[in-house]
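Heads up, the thing below is written out as structure tokens.
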Amino acid sequence: MSTARTIANDIIPTVVDDGHERYFNRELSWLAFNERVLAEACNPDYPLLERLRFLSISGSNLDEFMQIRVAGLIGQVQRGIERTSIEGRTPSQQLTCIRKALATITEDQQAIWRDLRSLLADAGIHIADERRIDREAHEWLRQFFLDEILPIITPQALDPAHPFPFVANEGLGVLFTVKRKKEQLVEMILIPSALPRFIRVPGGEDGTGDATYISIESLIGRFAEHLFPGFDIKGDGVFRVLRDSDIEIEEEAEDLVRTFRSAIQRRRRGQVIQLELDADFDPTAEQMLREQLAPSGVSVVKTDGMLGIEGLSAIIEEDRPDLKFDSYTPRYPERILEHDGDAFAAIREKDIVIHHPYESFDVVVDFIRQAAHDRNVVAIKQALYRAGTQSAVIEALVEAAENGKSVTAVVELKARFDEEQNLYWANKLERAGVQVIYGFVDWKTHAKCAMVVRREDEGFRTYCHFGTGNYHPVTAKVYTDLSFFTASPKLGRDAAKLFNFVTGYVEPRETEMLGISPIDLREKLYTAIDREIENVRRGKPAAIWAKMNQLTDSGMIERLYAASDAGVEIQLIVRGICCIKPGVEGLSDHINVRSIIGRFLEHSRIYAFANGEPMPSPRASVYISSADLMSRNLDRRVEALVPITNRTVHDQVLQQVLLANLLDTERSWELQPDGSYRRLEGDGKPFNCHRYFMTNPSLSGRGGALEVGGVPKLALRKGAT
């Protein structure tokens, strides 16, 4: 594989097609996604600190990719596993391609950091390094080092008398070569994770002066003489370690909680995957580090710049509104306000869809909180995949249990990198009297579902919330997701079956509306695709519009190829990994794929099928889902596919949310047949779907949202499907 690039206002990444007829490689497609994220750091339309945020995100993404995906491939190579990827590469062949691409990406990250650093300095935000700073700042930093840093860090000599210290995953350290008379030593300083990555020199907090930051490793290097009095410092170097961070659970695990507590501890000591070094690392110290941490097979990366680029997120907190996006306050749904904040009354009247982050996540919290206080509510059931570190939803469930409600929480322990937090929440919920269920051993419960059973005059009524995203108050501010509230008896009965499936392993023999994986969600989507193929044969309009995060499942790709071959027009919004090849003559002539990268992270999953009428149509079949089109979502996770049948909600999801994504020209990249992504160039008036949703009234606020005087009704451009 080679990587072709064009640098103008944007980085335009390319994953070259190595000749495979039907699929792109999953890992290389992910790297292409991260390059699109990195390209936003070069976007001159963005404020400077927001560009820095995208650079930091690209670093965090890359770390996780190394710790999970690359670590998995290395493990396969070490165990002699030759299972090929979707397009036919062996694990070792994939690693070769990945490492070539990674070298280019990391080089780009450092080049962008150098550019942004210069622009930040021009804007009054300075990042000090080995170069001189003014005397006043130097003295403050020296005292800070003596008072706040020196008592915490511990120099350790590396020699036969001292065993080589353990370096944790994402551990950052500094090695010094020091000499006193004829004695020469190599000393290691491991930087505790509790220390800040950047220290801000006091001054300019009121916005009237410049701000100066220094990285913790530069600070330690600057005042190293206080660590080694009497020694001459001959050389130094900063290093960083990435380890295998995946967690594997044996199928016969009898106690999931105990197993995960142990697995989390093992993660911290996983196999070293990558050793990162300063480009000018002291040779003596480098050799010792390589011998101890980088045996054969471990990638060693030497970087002329900053190690751990995700650490730049600390600088983004600088109080400079002029260098950030204008603040945005989500709207609270008018429908709820019209009922004096009574969510149940509003939902009982008519189904509601909420579009996050443009509409407040508070409505989801208030739904559970109201249930906790309502004396007529008898039971609450909720599936929790990721809830964050400060979860109002958890607090509401605790309060409900303390108020005597029957509360059941399905807590997914296998939510990657949130296992420890979820264990904490599970313990807190159990102490409050919540019935906590951990679900299946080998399947993740990924469905986003909550149900509230309420005693009313007509009998018991079930209110449901189905979401495309997690019950996470922080990500809900930046992820675009849909929340669907309904009092439909059919969906209420299906939700109960979904929970019984997870809590009691009672597989539902039949559902009235809901699709559930791994039971029948795949088949429901196959049936919908096949219906479009049949409509083409009958001479009826046929189209598929879909929005998701990833598309990697070969069975689903082949079904879409068949639909394209039949003449079905297919428009896909795939934010991240995409293994399907669009626009290939004779294979996918009728498939178009776009990726939207911008201020908000596209996260909602929507699937729409024309159903015999030109799109968009009131007759189209529309679904929202927690599932991407990946084998793991369709076959190895518990997911929900929710049909949208209410006319108003149907039109809002199809003719507003999904259509706006298809119309976007400012934040969209188009996938080419060769695997390259090119930023879309609009042929008319530019359209930014994020700006559109930020500046238009609440979609869920009025039943007349699509009428004159409400939210403007969008229309397809001439020539589109």
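Note on naming: chains are A, B, ... as they come in the structure tokens, residues start from 1 per chain, ligands start from 1 in the order shown.
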
Contacts of region 28-33 of chain A within 9 Å, only C-alpha atoms, excl. fewer than 3 positions in-chain, as a PyMOL selection string: chain A and resi 13-15+24-25+36-38+62+65+94+97-98+101-102+105+575-579+595+675-677

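Residues in contact with Leu482 (chain A) at 8 Å, where only C-alpha atoms are counted and same-chain residues fewer than 4 positions away are skipped, are listed as Val353, Ile354, His355, His356, Gly467, Thr468, Gly469, Ser604 and Ile624 of chain A.
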
List every residue of region 347-441 of chain A that has an atom at most 8 Å from any atom of region 502-508 of chain A, giving for each one its closest atom pair and the distance in Å to one decimal, counting only C-alpha atoms, sorted by chain and then by ascending residue number, as a Markdown table.
| residue | atom | partner | partner_atom | distance |
| --- | --- | --- | --- | --- |
| A:Val410 | CA | A:Thr503 | CA | 7.5 |
| A:Ile437 | CA | A:Thr503 | CA | 6.1 |
| A:Tyr438 | CA | A:Thr503 | CA | 7.8 |
| A:Gly439 | CA | A:Val502 | CA | 5.2 |
| A:Phe440 | CA | A:Val502 | CA | 6.8 |

Spatial neighbours of region 178-187 of chain A, 9 Å, only C-alpha atoms, chain gap at least 4 places, as number ranges by chain: A: 155-159, 174, 228, 230-236, 284-285, 288

Residues flagged alpha helix (DSSP H) by DSSP in region 202-420 of chain A, as a ChimeraX atom specification: /A:216-222,256-268,283-293,313-316,334-338,343-349,362-373,392-402,419-420
